[in-house]
$ cat final_8.cif   # mmCIF, C-alpha atoms
data_protein
loop_
_atom_site.label_atom_id
_atom_site.label_comp_id
_atom_site.auth_asym_id
_atom_site.auth_seq_id
_atom_site.Cartn_x
_atom_site.Cartn_y
_atom_site.Cartn_z
CA MET Z 917 -11.21 -18.18 -16.48
CA THR Z 918 -12.16 -14.54 -15.96
CA THR Z 919 -15.87 -15.35 -15.69
CA ARG Z 920 -15.16 -18.08 -13.17
CA ILE Z 921 -13.00 -15.84 -11.04
CA VAL Z 922 -15.58 -13.05 -11.09
CA GLU Z 923 -18.27 -15.52 -9.99
CA LEU Z 924 -16.10 -16.96 -7.24
CA ARG Z 925 -15.12 -13.49 -6.05
CA ARG Z 926 -18.79 -12.54 -5.93
CA GLY Z 927 -19.49 -15.66 -3.86
CA ILE Z 928 -16.69 -14.88 -1.44
CA LEU Z 929 -17.80 -11.27 -1.04
CA LYS Z 930 -21.41 -12.37 -0.53
CA LYS Z 931 -20.34 -14.79 2.20
CA ASN Z 932 -18.23 -12.02 3.75
CA ASP Z 933 -21.17 -9.60 3.67
CA GLU Z 934 -23.35 -12.12 5.48
CA LEU Z 935 -20.76 -12.69 8.18
CA ALA Z 936 -20.20 -8.93 8.48
CA ALA Z 937 -23.93 -8.32 8.90
CA GLY Z 938 -23.91 -10.80 11.79
CA LEU Z 939 -20.92 -9.04 13.36
CA ARG Z 940 -22.58 -5.64 12.98
CA HIS Z 941 -25.66 -6.91 14.76
CA GLN Z 942 -23.48 -8.34 17.52
CA PHE Z 943 -21.53 -5.06 17.91
CA THR Z 944 -24.71 -2.97 18.01
CA SER Z 945 -26.32 -5.22 20.61
CA ALA Z 946 -23.19 -5.04 22.76
CA GLY Z 947 -23.12 -1.24 22.48
CA VAL Z 948 -19.54 -1.11 21.22
CA LEU Z 949 -18.48 1.36 18.52
CA VAL Z 950 -16.35 -0.47 15.97
CA LEU Z 951 -13.98 1.34 13.61
CA ASN Z 952 -12.03 -0.14 10.69
CA LEU Z 953 -8.78 1.76 10.02
CA VAL Z 954 -7.44 1.48 6.48
CA SER Z 955 -4.48 3.09 4.76
CA SER Z 956 -1.34 2.51 2.78
CA PRO Z 957 1.54 0.79 4.59
CA GLY Z 958 3.53 3.39 6.49
CA THR Z 959 0.79 5.99 6.92
CA GLY Z 960 1.14 5.73 10.66
CA LYS Z 961 -2.02 3.80 11.58
CA THR Z 962 -0.31 2.14 14.52
CA ALA Z 963 1.14 5.34 16.00
CA PHE Z 964 -2.22 7.09 15.56
CA LEU Z 965 -4.10 4.18 17.13
CA GLU Z 966 -1.65 3.86 20.00
CA ARG Z 967 -2.17 7.51 20.91
CA THR Z 968 -5.94 7.15 20.52
CA LEU Z 969 -6.03 4.12 22.84
CA ARG Z 970 -3.89 5.89 25.40
CA GLU Z 971 -6.01 9.04 25.42
CA LEU Z 972 -9.26 7.07 25.55
CA ARG Z 973 -8.03 5.13 28.57
CA ALA Z 974 -6.95 8.36 30.26
CA ARG Z 975 -10.55 9.53 29.83
CA GLY Z 976 -11.87 6.34 31.43
CA ALA Z 977 -13.16 4.70 28.25
CA GLN Z 978 -12.76 0.98 27.56
CA ALA Z 979 -11.09 0.38 24.22
CA ALA Z 980 -9.48 -2.63 22.54
CA ALA Z 981 -7.85 -3.33 19.19
CA LEU Z 982 -7.49 -6.08 16.63
CA VAL Z 983 -4.53 -5.51 14.34
CA GLY Z 984 -3.92 -7.13 10.97
CA ASP Z 985 -0.54 -7.75 9.34
CA LEU Z 986 0.77 -10.31 6.89
CA GLU Z 987 3.52 -11.26 9.35
CA THR Z 988 5.00 -10.18 12.71
CA ASP Z 989 3.29 -9.12 15.91
CA ASN Z 990 5.22 -5.83 16.05
CA ASP Z 991 2.06 -3.74 15.93
CA ALA Z 992 0.27 -5.66 18.65
CA ARG Z 993 3.29 -5.22 20.89
CA ARG Z 994 3.45 -1.49 20.13
CA LEU Z 995 -0.27 -1.04 20.79
CA ALA Z 996 -0.20 -3.10 23.98
CA ALA Z 997 2.04 -0.37 25.47
CA SER Z 998 -1.14 1.73 25.68
CA GLY Z 999 -2.47 -0.70 28.29
CA ALA Z 1000 -5.46 -1.67 26.13
CA PRO Z 1001 -6.19 -5.30 25.20
CA VAL Z 1002 -4.77 -5.96 21.74
CA ARG Z 1003 -4.85 -9.05 19.55
CA GLN Z 1004 -2.73 -9.60 16.43
CA ILE Z 1005 -4.20 -11.17 13.30
CA ASN Z 1006 -1.56 -12.54 10.93
CA THR Z 1007 -2.99 -13.02 7.46
CA HIS Z 1008 0.05 -14.88 6.03
CA GLY Z 1009 -0.06 -13.45 2.52
CA ILE Z 1010 -3.68 -12.24 2.40
CA CYS Z 1011 -3.70 -8.52 1.63
CA HIS Z 1012 -6.74 -7.54 3.72
CA LEU Z 1013 -8.78 -8.58 6.74
CA ASP Z 1014 -12.14 -10.28 6.28
CA ALA Z 1015 -15.18 -10.85 8.50
CA GLU Z 1016 -14.25 -14.47 9.15
CA MET Z 1017 -10.86 -13.47 10.59
CA ILE Z 1018 -12.59 -10.94 12.88
CA THR Z 1019 -15.10 -13.54 14.07
CA ARG Z 1020 -12.34 -16.05 14.76
CA HIS Z 1021 -10.20 -13.59 16.72
CA LEU Z 1022 -13.06 -12.28 18.82
CA GLU Z 1023 -13.65 -15.82 20.06
CA GLY Z 1024 -11.68 -16.75 23.12
CA TRP Z 1025 -10.10 -13.32 23.51
CA GLU Z 1026 -9.14 -13.64 27.12
CA GLY Z 1027 -10.39 -10.91 29.42
CA VAL Z 1028 -12.30 -9.11 26.66
CA SER Z 1029 -16.06 -9.06 26.22
CA LEU Z 1030 -17.74 -6.85 23.65
CA GLU Z 1031 -20.27 -5.74 26.28
CA GLY Z 1032 -17.47 -4.34 28.42
CA LEU Z 1033 -16.05 -2.18 25.62
CA ASN Z 1034 -16.89 1.32 24.43
CA TYR Z 1035 -14.64 1.10 21.39
CA LEU Z 1036 -13.13 -1.66 19.26
CA PHE Z 1037 -10.58 -0.56 16.67
CA ILE Z 1038 -9.63 -2.84 13.80
CA GLU Z 1039 -6.34 -1.88 12.16
CA ASN Z 1040 -6.45 -3.36 8.67
CA VAL Z 1041 -3.51 -4.59 6.58
CA GLY Z 1042 -1.71 -1.69 4.88
CA ASN Z 1043 -3.29 -1.62 1.43
CA LEU Z 1044 -5.33 1.00 -0.43
CA VAL Z 1045 -7.16 -1.43 -2.70
CA CYS Z 1046 -8.56 -4.72 -1.40
CA PRO Z 1047 -9.76 -3.72 2.10
CA SER Z 1048 -12.42 -1.56 0.43
CA SER Z 1049 -14.34 -4.68 -0.68
CA TYR Z 1050 -14.39 -6.42 2.71
CA ASP Z 1051 -16.96 -5.25 5.22
CA LEU Z 1052 -15.83 -6.16 8.75
CA GLY Z 1053 -19.09 -5.22 10.44
CA GLU Z 1054 -17.65 -1.85 11.47
CA ARG Z 1055 -19.87 1.18 11.95
CA ILE Z 1056 -17.20 3.64 10.86
CA ARG Z 1057 -14.57 3.09 8.21
CA VAL Z 1058 -11.66 5.47 8.64
CA VAL Z 1059 -9.21 6.07 5.82
CA LEU Z 1060 -5.84 7.51 6.84
CA LEU Z 1061 -3.50 9.47 4.58
CA SER Z 1062 -0.14 10.86 5.65
CA VAL Z 1063 1.28 14.18 4.49
CA THR Z 1064 4.28 12.29 3.13
CA GLU Z 1065 2.29 10.24 0.60
CA GLY Z 1066 1.15 12.79 -1.94
CA GLU Z 1067 -2.11 14.67 -2.22
CA ASP Z 1068 -3.27 12.62 -5.23
CA LYS Z 1069 -3.98 9.37 -3.35
CA PRO Z 1070 -7.77 9.87 -3.10
CA LEU Z 1071 -7.95 10.25 -6.90
CA LYS Z 1072 -5.77 7.20 -7.48
CA TYR Z 1073 -7.59 4.94 -4.99
CA PRO Z 1074 -11.16 6.22 -5.27
CA GLY Z 1075 -12.77 2.92 -4.23
CA LEU Z 1076 -11.33 3.03 -0.74
CA PHE Z 1077 -11.78 6.76 -0.14
CA ASN Z 1078 -15.34 6.55 -1.42
CA SER Z 1079 -16.20 3.76 1.01
CA ALA Z 1080 -14.90 5.68 4.05
CA ASP Z 1081 -16.95 7.52 6.69
CA ALA Z 1082 -14.09 9.63 8.04
CA ALA Z 1083 -10.64 10.64 6.84
CA VAL Z 1084 -7.60 11.22 9.03
CA ILE Z 1085 -4.57 13.08 7.74
CA THR Z 1086 -1.56 11.88 9.73
CA LYS Z 1087 1.97 13.19 10.42
CA ILE Z 1088 1.02 16.87 9.99
CA ASP Z 1089 4.18 17.70 11.96
CA LEU Z 1090 5.99 16.75 8.71
CA ALA Z 1091 3.80 18.92 6.45
CA GLU Z 1092 6.40 21.61 5.96
CA PRO Z 1093 9.49 19.52 5.13
CA CYS Z 1094 7.28 17.43 2.81
CA GLY Z 1095 5.89 20.47 1.01
CA PHE Z 1096 2.40 19.14 1.73
CA ASP Z 1097 -0.31 21.02 -0.17
CA ARG Z 1098 -3.11 21.00 2.39
CA GLU Z 1099 -5.74 22.69 0.20
CA LEU Z 1100 -5.14 20.23 -2.63
CA ALA Z 1101 -5.38 17.22 -0.31
CA LEU Z 1102 -8.66 18.45 1.20
CA HIS Z 1103 -9.98 19.21 -2.27
CA ASN Z 1104 -9.11 15.72 -3.56
CA ILE Z 1105 -10.65 13.95 -0.56
CA ASN Z 1106 -13.83 15.99 -1.02
CA GLU Z 1107 -13.92 15.30 -4.71
CA ILE Z 1108 -14.11 11.54 -4.08
CA ARG Z 1109 -16.19 11.68 -0.89
CA PRO Z 1110 -17.96 15.04 -0.64
CA GLY Z 1111 -18.60 16.26 2.88
CA ILE Z 1112 -16.63 13.54 4.66
CA ARG Z 1113 -15.36 14.43 8.17
CA ILE Z 1114 -11.63 15.13 7.99
CA PHE Z 1115 -9.20 15.22 10.92
CA GLU Z 1116 -5.70 16.67 10.63
CA THR Z 1117 -3.50 14.99 13.19
CA SER Z 1118 -0.04 14.24 14.50
CA ALA Z 1119 0.44 11.29 16.81
CA LYS Z 1120 3.82 12.78 17.67
CA THR Z 1121 2.72 16.25 18.80
CA GLY Z 1122 -0.89 15.41 19.62
CA ALA Z 1123 -2.22 18.02 17.18
CA GLY Z 1124 -5.81 17.36 16.14
CA MET Z 1125 -6.33 14.56 18.66
CA ASP Z 1126 -8.92 16.51 20.68
CA ALA Z 1127 -11.20 16.91 17.67
CA TRP Z 1128 -10.79 13.24 16.84
CA LEU Z 1129 -11.57 12.12 20.41
CA ALA Z 1130 -14.61 14.41 20.52
CA TYR Z 1131 -15.83 12.77 17.31
CA LEU Z 1132 -15.37 9.30 18.82
CA ALA Z 1133 -17.30 10.28 21.95
CA GLU Z 1134 -20.10 11.77 19.84
CA GLN Z 1135 -20.31 8.63 17.67
CA ALA Z 1136 -20.27 6.29 20.67
CA ARG Z 1137 -23.19 8.00 22.38
CA PRO Z 1138 -26.32 5.82 22.17
CA SER Z 1139 -28.72 7.53 19.78
CA MET H 407 -14.66 -22.57 -1.76
CA THR H 408 -11.10 -22.14 -0.45
CA THR H 409 -9.81 -25.12 -2.45
CA ARG H 410 -11.45 -23.82 -5.61
CA ILE H 411 -10.00 -20.35 -5.18
CA VAL H 412 -6.53 -21.75 -4.51
CA GLU H 413 -6.75 -23.86 -7.68
CA LEU H 414 -8.02 -20.95 -9.75
CA ARG H 415 -5.33 -18.67 -8.36
CA ARG H 416 -2.72 -21.27 -9.21
CA GLY H 417 -4.10 -21.43 -12.76
CA ILE H 418 -4.02 -17.66 -13.14
CA LEU H 419 -0.47 -17.43 -11.83
CA LYS H 420 0.63 -20.27 -14.12
CA LYS H 421 -0.84 -18.51 -17.14
CA ASN H 422 0.84 -15.28 -16.00
CA ASP H 423 4.19 -17.06 -15.63
CA GLU H 424 3.92 -18.40 -19.18
CA LEU H 425 3.13 -14.98 -20.60
CA ALA H 426 5.95 -13.46 -18.52
CA ALA H 427 8.43 -16.03 -19.82
CA GLY H 428 7.48 -15.00 -23.37
CA LEU H 429 7.94 -11.33 -22.50
CA ARG H 430 11.31 -12.03 -20.89
CA HIS H 431 12.49 -13.79 -24.04
CA GLN H 432 11.25 -10.87 -26.15
CA PHE H 433 13.02 -8.30 -23.90
CA THR H 434 16.27 -10.25 -23.94
CA SER H 435 16.22 -10.64 -27.72
CA ALA H 436 15.57 -6.92 -28.13
CA GLY H 437 18.45 -6.08 -25.76
CA VAL H 438 16.34 -3.92 -23.48
CA LEU H 439 16.81 -3.98 -19.70
CA VAL H 440 13.41 -4.16 -18.06
CA LEU H 441 12.82 -3.15 -14.44
CA ASN H 442 9.66 -3.60 -12.38
CA LEU H 443 9.30 -0.92 -9.66
CA VAL H 444 7.16 -1.91 -6.69
CA SER H 445 6.35 -0.13 -3.45
CA SER H 446 3.66 1.11 -1.16
CA PRO H 447 1.49 3.99 -2.45
CA GLY H 448 3.24 7.27 -1.71
CA THR H 449 6.81 5.97 -1.55
CA GLY H 450 7.77 8.27 -4.39
CA LYS H 451 8.11 5.80 -7.28
CA THR H 452 7.02 8.41 -9.79
CA ALA H 453 9.36 11.15 -8.60
CA PHE H 454 12.25 8.68 -8.50
CA LEU H 455 11.43 7.35 -11.96
CA GLU H 456 11.00 10.83 -13.42
CA ARG H 457 14.46 11.81 -12.24
CA THR H 458 15.91 8.51 -13.49
CA LEU H 459 14.37 8.99 -16.96
CA ARG H 460 15.62 12.56 -17.11
CA GLU H 461 19.18 11.64 -16.12
CA LEU H 462 19.29 8.66 -18.49
CA ARG H 463 18.21 10.85 -21.39
CA ALA H 464 20.83 13.44 -20.47
CA ARG H 465 23.39 10.62 -20.76
CA GLY H 466 22.08 9.68 -24.22
CA ALA H 467 20.29 6.48 -23.21
CA GLN H 468 16.91 5.52 -24.63
CA ALA H 469 14.40 4.83 -21.89
CA ALA H 470 10.64 4.44 -21.74
CA ALA H 471 8.08 3.69 -19.04
CA LEU H 472 4.81 1.87 -18.54
CA VAL H 473 2.98 3.08 -15.45
CA GLY H 474 0.21 1.30 -13.59
CA ASP H 475 -2.54 2.89 -11.51
CA LEU H 476 -6.09 1.95 -10.64
CA GLU H 477 -7.32 5.25 -12.03
CA THR H 478 -6.02 8.57 -13.42
CA ASP H 479 -3.19 9.27 -15.84
CA ASN H 480 -1.50 11.68 -13.41
CA ASP H 481 1.67 9.62 -13.27
CA ALA H 482 2.02 9.25 -17.04
CA ARG H 483 1.66 13.01 -17.38
CA ARG H 484 4.27 13.62 -14.68
CA LEU H 485 6.69 11.16 -16.24
CA ALA H 486 6.17 12.50 -19.75
CA ALA H 487 7.74 15.74 -18.55
CA SER H 488 11.07 13.87 -18.68
CA GLY H 489 10.73 13.67 -22.47
CA ALA H 490 10.67 9.86 -22.45
CA PRO H 491 7.84 7.87 -24.04
CA VAL H 492 5.37 6.91 -21.32
CA ARG H 493 2.19 4.88 -21.43
CA GLN H 494 -0.40 4.67 -18.65
CA ILE H 495 -2.05 1.38 -17.71
CA ASN H 496 -5.28 1.81 -15.75
CA THR H 497 -6.18 -1.38 -13.91
CA HIS H 498 -9.66 -0.22 -12.80
CA GLY H 499 -9.73 -1.91 -9.41
CA ILE H 500 -7.02 -4.56 -9.92
CA CYS H 501 -4.33 -4.10 -7.29
CA HIS H 502 -1.30 -5.11 -9.40
CA LEU H 503 -0.05 -5.28 -12.97
CA ASP H 504 0.11 -8.62 -14.77
CA ALA H 505 1.94 -9.92 -17.83
CA GLU H 506 -1.16 -9.71 -20.01
CA MET H 507 -1.53 -5.97 -19.32
CA ILE H 508 2.13 -5.45 -20.23
CA THR H 509 1.75 -7.41 -23.48
CA ARG H 510 -1.36 -5.46 -24.42
CA HIS H 511 0.22 -2.06 -23.73
CA LEU H 512 3.42 -2.83 -25.60
CA GLU H 513 1.34 -3.47 -28.71
CA GLY H 514 0.70 -0.43 -30.83
CA TRP H 515 2.78 1.88 -28.63
CA GLU H 516 3.34 4.57 -31.19
CA GLY H 517 6.95 5.53 -31.85
CA VAL H 518 8.35 2.92 -29.45
CA SER H 519 10.09 -0.31 -30.43
CA LEU H 520 11.77 -2.53 -27.86
CA GLU H 521 14.82 -2.81 -30.12
CA GLY H 522 15.30 0.95 -29.94
CA LEU H 523 15.32 1.04 -26.13
CA ASN H 524 18.09 0.57 -23.58
CA TYR H 525 15.71 0.60 -20.62
CA LEU H 526 12.05 -0.05 -20.04
CA PHE H 527 10.71 0.80 -16.58
CA ILE H 528 7.43 -0.61 -15.36
CA GLU H 529 5.97 1.31 -12.43
CA ASN H 530 3.62 -1.08 -10.67
CA VAL H 531 0.45 -0.21 -8.75
CA GLY H 532 1.24 0.98 -5.21
CA ASN H 533 0.85 -2.19 -3.14
CA LEU H 534 3.27 -4.21 -1.02
CA VAL H 535 1.46 -7.52 -1.33
CA CYS H 536 0.00 -8.71 -4.62
CA PRO H 537 2.63 -7.45 -7.13
CA SER H 538 5.07 -9.97 -5.61
CA SER H 539 3.17 -12.88 -7.21
CA TYR H 540 3.01 -11.45 -10.73
CA ASP H 541 6.09 -11.81 -12.88
CA LEU H 542 6.06 -9.16 -15.64
CA GLY H 543 9.02 -10.58 -17.53
CA GLU H 544 11.36 -8.03 -15.91
CA ARG H 545 15.02 -8.79 -15.37
CA ILE H 546 15.26 -6.67 -12.24
CA ARG H 547 12.59 -6.21 -9.62
CA VAL H 548 13.18 -3.07 -7.57
CA VAL H 549 11.44 -2.55 -4.25
CA LEU H 550 11.27 1.03 -3.01
CA LEU H 551 10.88 2.10 0.60
CA SER H 552 10.69 5.71 1.78
CA VAL H 553 12.20 7.00 5.02
CA THR H 554 8.72 8.15 6.04
CA GLU H 555 7.19 4.66 6.08
CA GLY H 556 8.88 2.95 9.00
CA GLU H 557 11.88 0.67 9.11
CA ASP H 558 9.77 -2.42 9.79
CA LYS H 559 8.21 -2.72 6.33
CA PRO H 560 10.58 -5.47 5.07
CA LEU H 561 9.60 -7.64 8.06
CA LYS H 562 5.92 -6.98 7.58
CA TYR H 563 5.91 -7.58 3.81
CA PRO H 564 8.59 -10.26 3.45
CA GLY H 565 7.13 -11.75 0.26
CA LEU H 566 7.75 -8.65 -1.79
CA PHE H 567 11.15 -7.76 -0.32
CA ASN H 568 12.28 -11.33 -0.73
CA SER H 569 11.36 -11.35 -4.43
CA ALA H 570 13.31 -8.15 -5.18
CA ASP H 571 16.72 -7.85 -6.87
CA ALA H 572 17.47 -4.32 -5.66
CA ALA H 573 16.12 -2.01 -2.97
CA VAL H 574 15.87 1.77 -3.21
CA ILE H 575 15.38 3.90 -0.13
CA THR H 576 13.65 7.12 -1.21
CA LYS H 577 13.18 10.62 0.27
CA ILE H 578 16.41 10.52 2.29
CA ASP H 579 16.22 14.32 2.42
CA LEU H 580 13.41 13.72 4.97
CA ALA H 581 15.41 11.25 7.08
CA GLU H 582 16.09 13.70 9.89
CA PRO H 583 12.59 15.17 10.44
CA CYS H 584 11.22 11.61 10.23
CA GLY H 585 13.67 10.25 12.77
CA PHE H 586 14.61 7.56 10.25
CA ASP H 587 16.76 4.80 11.76
CA ARG H 588 19.04 3.99 8.83
CA GLU H 589 20.90 1.10 10.48
CA LEU H 590 17.65 -0.60 11.45
CA ALA H 591 16.21 -0.22 7.93
CA LEU H 592 19.34 -1.68 6.31
CA HIS H 593 19.37 -4.47 8.87
CA ASN H 594 15.71 -5.36 8.21
CA ILE H 595 16.13 -5.34 4.42
CA ASN H 596 19.15 -7.60 4.76
CA GLU H 597 17.35 -9.91 7.12
CA ILE H 598 14.69 -10.62 4.47
CA ARG H 599 16.94 -10.46 1.42
CA PRO H 600 20.58 -10.90 2.48
CA GLY H 601 23.13 -9.15 0.29
CA ILE H 602 20.61 -7.26 -1.87
CA ARG H 603 21.94 -4.08 -3.54
CA ILE H 604 20.58 -1.06 -1.68
CA PHE H 605 20.50 2.53 -2.96
CA GLU H 606 19.81 5.50 -0.69
CA THR H 607 18.31 8.27 -2.75
CA SER H 608 16.47 11.55 -2.92
CA ALA H 609 14.71 12.50 -6.13
CA LYS H 610 14.52 16.03 -4.75
CA THR H 611 18.22 16.64 -4.04
CA GLY H 612 19.64 14.04 -6.43
CA ALA H 613 21.48 12.24 -3.60
CA GLY H 614 22.38 8.66 -4.47
CA MET H 615 21.32 8.97 -8.12
CA ASP H 616 24.86 8.51 -9.45
CA ALA H 617 25.24 5.12 -7.79
CA TRP H 618 21.82 4.09 -9.07
CA LEU H 619 22.59 5.19 -12.65
CA ALA H 620 25.95 3.40 -12.54
CA TYR H 621 24.11 0.23 -11.48
CA LEU H 622 21.67 0.61 -14.38
CA ALA H 623 24.53 1.05 -16.87
CA GLU H 624 26.32 -1.97 -15.46
CA GLN H 625 23.19 -4.12 -15.67
CA ALA H 626 22.37 -2.99 -19.20
CA ARG H 627 25.79 -3.95 -20.56
CA PRO H 628 25.55 -7.09 -22.71
CA SER H 629 27.22 -9.90 -20.79
#
$ encode --input "final_8.cif" --output "structure tokens"
Amino acid sequence: MTTRIVELRRGILKKNDELAAGLRHQFTSAGVLVLNLVSSPGTGKTAFLERTLRELRARGAQAAALVGDLETDNDARRLAASGAPVRQINTHGICHLDAEMITRHLEGWEGVSLEGLNYLFIENVGNLVCPSSYDLGERIRVVLLSVTEGEDKPLKYPGLFNSADAAVITKIDLAEPCGFDRELALHNINEIRPGIRIFETSAKTGAGMDAWLAYLAEQARPS
Amino acid sequence: MTTRIVELRRGILKKNDELAAGLRHQFTSAGVLVLNLVSSPGTGKTAFLERTLRELRARGAQAAALVGDLETDNDARRLAASGAPVRQINTHGICHLDAEMITRHLEGWEGVSLEGLNYLFIENVGNLVCPSSYDLGERIRVVLLSVTEGEDKPLKYPGLFNSADAAVITKIDLAEPCGFDRELALHNINEIRPGIRIFETSAKTGAGMDAWLAYLAEQARPS
């Protein structure tokens, strides 16, 4: 049984990698910067993304978002308040997004063409394990960690932190009441992914958003 | 491929259910109350469990814990500070515990016999999706939700909340800085699992622990 499941899993991941490679090619040709946001449930991905979309639009950039959840379209409705085009992906029990779901939801997305976008954000299902194995064709994988979760998360979920290109610490407005140990968190992130870019943010107060937006602009620039 | 994976998954879950039924029989015969603690990463399962173990021991009860994580034995070391016997299960990439892992880690657990225990706590891997499908032979499944995570989690992860026997809200000392909407959280939990017992706790201040410990004592009493 174990051998069969390992083989099947390998087959599924291989098929996903092929689809993701196609997506990546498509995104690059269209000139859109695609980011895959992963974190635990409750880290504040949606609040962070909503503020990001709002600030990008205020700066004249074109941004859109695909948002994954097992059930509900709460997040899509929250994000739509930013004015950006948003599409919900309901996975109905699947604990991560995959490249096939992205492909399917890009098709027939009314009013949205990849060529017209500067940024496409993909908010993954809240999960620190399985999303690490599924490439979605993104150029930048962003792992988010809130100050309320504990500084040890990078050590306990090394697969995901190690696969990330940038790390965002969220809810820093709560650092003090949570007794957040900033040095320890930075140390642990760097232990798993040395030299990774780290942003310390609060979607509530706006702290750290300028550095994050500057990073996005720098990454979006055609090289 | 999808049909094959569904069949295989069904086979794995069936095998797990059989093993779990054996464990449940074993636990019942030994007279030990077994609880399976599930939540998102960072909800504070370990802090809550550490305080529970400490308070149970102070009341003369015999309690032990198995604790699941992908990597590290941080949690076992934290829990061992309570004085209770604790054994770490490292799943190395698997996003949930299963009945086979429990069986294997109960064997040869030095100094621990099920007959000598009043309570056995199983702290699952931090994940709001996959643990819902894996019965560990527990009598009580406890879902934990922290005030920092957002009141919508029951709606977004209905499978897990619906499979739980009790719900514990953690970190209520942070309710005010987080702007936690208590009524909404209680409403959402009850919408998914009507009438479930809910405990509002803080491992830091000890709030709500008395009600929780009274519930444990009541559940452990031979019927």
$ residues_around --input "final_8.cif" --residues "Pro564 (chain H)" --least-positions-apart "2" --cutoff "10 Å" --atoms "all atoms listed in the file" --output "PyMOL selection string"
(chain Z and resi 986-988+1009) or (chain H and resi 534-535+538+559-562+566-569+594-595+597-599)
$ write_last_selection --input "final_8.cif" --atoms "C-alpha atoms" --output "short mmCIF file (atom, residue, chain, number, x, y, z; two decimals), keeping the file's coordinate frame"
data_model
loop_
_atom_site.label_atom_id
_atom_site.label_comp_id
_atom_site.auth_asym_id
_atom_site.auth_seq_id
_atom_site.Cartn_x
_atom_site.Cartn_y
_atom_site.Cartn_z
CA LEU Z 986 0.77 -10.31 6.89
CA GLU Z 987 3.52 -11.26 9.35
CA THR Z 988 5.00 -10.18 12.71
CA GLY Z 1009 -0.06 -13.45 2.52
CA LEU H 534 3.27 -4.21 -1.02
CA VAL H 535 1.46 -7.52 -1.33
CA SER H 538 5.07 -9.97 -5.61
CA LYS H 559 8.21 -2.72 6.33
CA PRO H 560 10.58 -5.47 5.07
CA LEU H 561 9.60 -7.64 8.06
CA LYS H 562 5.92 -6.98 7.58
CA LEU H 566 7.75 -8.65 -1.79
CA PHE H 567 11.15 -7.76 -0.32
CA ASN H 568 12.28 -11.33 -0.73
CA SER H 569 11.36 -11.35 -4.43
CA ASN H 594 15.71 -5.36 8.21
CA ILE H 595 16.13 -5.34 4.42
CA GLU H 597 17.35 -9.91 7.12
CA ILE H 598 14.69 -10.62 4.47
CA ARG H 599 16.94 -10.46 1.42
#
$ resolve_selection --input "final_8.cif" --expression "the PyMOL selection byres ((chain H and resi 508-525) around 7)" --output "ChimeraX atom specification"
/H:436-440,467-470,504-507,526-527
$ residues_around --input "final_8.cif" --residues "Glu529 (chain H)" --least-positions-apart "3" --cutoff "8 Å" --atoms "all atoms listed in the file" --output "number ranges by chain"
H: 442-444, 451-452, 471-474
$ resolve_selection --input "final_8.cif" --expression "the PyMOL selection byres ((chain Z and resi 1065) around 8)" --output "short mmCIF file (atom, residue, chain, number, x, y, z; two decimals) with C-alpha atoms, keeping the file's coordinate frame"
data_model
loop_
_atom_site.label_atom_id
_atom_site.label_comp_id
_atom_site.auth_asym_id
_atom_site.auth_seq_id
_atom_site.Cartn_x
_atom_site.Cartn_y
_atom_site.Cartn_z
CA THR Z 959 0.79 5.99 6.92
CA LEU Z 1061 -3.50 9.47 4.58
CA SER Z 1062 -0.14 10.86 5.65
CA VAL Z 1063 1.28 14.18 4.49
CA THR Z 1064 4.28 12.29 3.13
CA GLY Z 1066 1.15 12.79 -1.94
CA GLU Z 1067 -2.11 14.67 -2.22
CA LYS Z 1069 -3.98 9.37 -3.35
CA PRO H 447 1.49 3.99 -2.45
CA GLY H 448 3.24 7.27 -1.71
CA THR H 449 6.81 5.97 -1.55
CA GLY H 450 7.77 8.27 -4.39
#
$ closest_residue --input "final_8.cif" --among "H:Leu622, H:Leu550, H:Val531, H:Leu429" --to "Thr576 (chain H)" --atoms "only C-alpha atoms"
H:Leu550
$ resolve_selection --input "final_8.cif" --expression "the PyMOL selection byres ((chain Z and resi 1119) around 9)" --output "ChimeraX atom specification"
/Z:960,963-968,1086-1089,1117-1118,1120-1125
$ atom_distance --input "final_8.cif" --atom1 "CA of Asn1040 (chain Z)" --atom2 "CA of Ile928 (chain Z)"
18.4 Å
